[in-house]
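A short write-up of the structure that comes next.
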Amino acid sequence: MKFYIEGEKSKAVCEHCKELVNTTFKVRNVPMSDGSGTVKGLLVSVCDTCDKIVAFPHQSSIKIKEFKEQQTLNSIEARIPFHFSDILYTACTTINSSVSTSSLGPSVFRYYVHHLSRDKRRFKKLHKYMESDLFKGNSNNRFSIKLNESIMKDFNWLQEETKLNKSNLLKSIILLINDDINNKKYPKNIEKLKDLSILI
């Protein structure tokens, strides 16, 4: 794949000038045509005559795709007992105490949703947590997390396969995290998540 450099020259057909023109690669903030927002710091090919954008190199189309995906994140919200947040935060500290729990917590939860959707043996154990004392409590704490399209499909699949409602599935996943991480019953995931936390 060729990577273009800011200031590099090229040629392209300009729709505004209606002809083949000389162009220069420049960094611009580009508003999306659908009004969904503006992609900042995008390298684009600009017409030297009219200063209009004439093309997007492949390296910039990747950033545009990522921006569009961020705009379509799905939000899952539920009311759960307060101590579930403490369980998730404690797991984050166990994984990597130098990373903020507000950053690591959502990543750990997303990892588990994906992990469970790929491991049929493990997701079938989620029901047992409904019998746990930790499963109880007043659901007076708001839990909210954003999932991309792929992880949202995993969550919906888990919900369909387990027949658990949204709140109960959330709680069961967090209690599994508690067993795996805080109680160190599945050290394999602790090591994987330690590696993941370095990137956050």
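Identifiers for the structure tokens are assigned positionally: chains receive A, B, ... in sequence, residues are indexed from 1 per chain, and ligands are indexed from 1 in the order shown.
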
Counting only C-alpha atoms, which residues of range 34-99 of chain A sit at most 8 Å from some atom of range 104-126 of chain A, and what is each one's closest atom pair with its distance in Å to one decimal, listed by chain and rising residue number, as a Markdown table?
| residue | atom | partner | partner_atom | distance |
| --- | --- | --- | --- | --- |
| A:Leu88 | CA | A:Gly105 | CA | 6.4 |
| A:Tyr89 | CA | A:Gly105 | CA | 6.6 |
| A:Cys92 | CA | A:Gly105 | CA | 6.1 |
| A:Val99 | CA | A:Leu104 | CA | 6.6 |

- Message: For the structure I just gave you, how does DSSP split chain A - specifically, which residues are strand (DSSP E)? Reply as JSON, numbers by chain.
- Response: {"A": [9, 10, 11, 12, 13, 14, 19, 20, 21, 22, 23, 24, 25, 26, 27, 28, 29, 30, 31, 38, 39, 40, 41, 42, 43, 44, 45, 46, 47, 53, 54, 55, 74, 75, 76, 77, 78, 79, 80, 141, 142, 143, 144, 145, 146, 147]}

- Would you work out the distance separating CA of Met1 in chain A from CA of Cys14 in chain A, expressed in Å to one decimal? 23.7 Å

- Item | Near-range 16-21 of chain A list (9 Å; only C-alpha atoms; drop same-chain fewer than 4 positions) as a count of residues only | 9

- Message: Please list as a ChimeraX atom specification every residue within 12 Å of Asn189 in chain A, counting only C-alpha atoms and excluding residues in the same chain fewer than 5 positions away.
- Response: /A:91,94-95,108,111-112,115-116,176-182,184,194-197

- DSSP-assigned alpha helix (DSSP H) among range 72-190 of chain A, expressed as a ChimeraX atom specification: /A:83-95,101-118,120-123,149-162,166-177,187-190
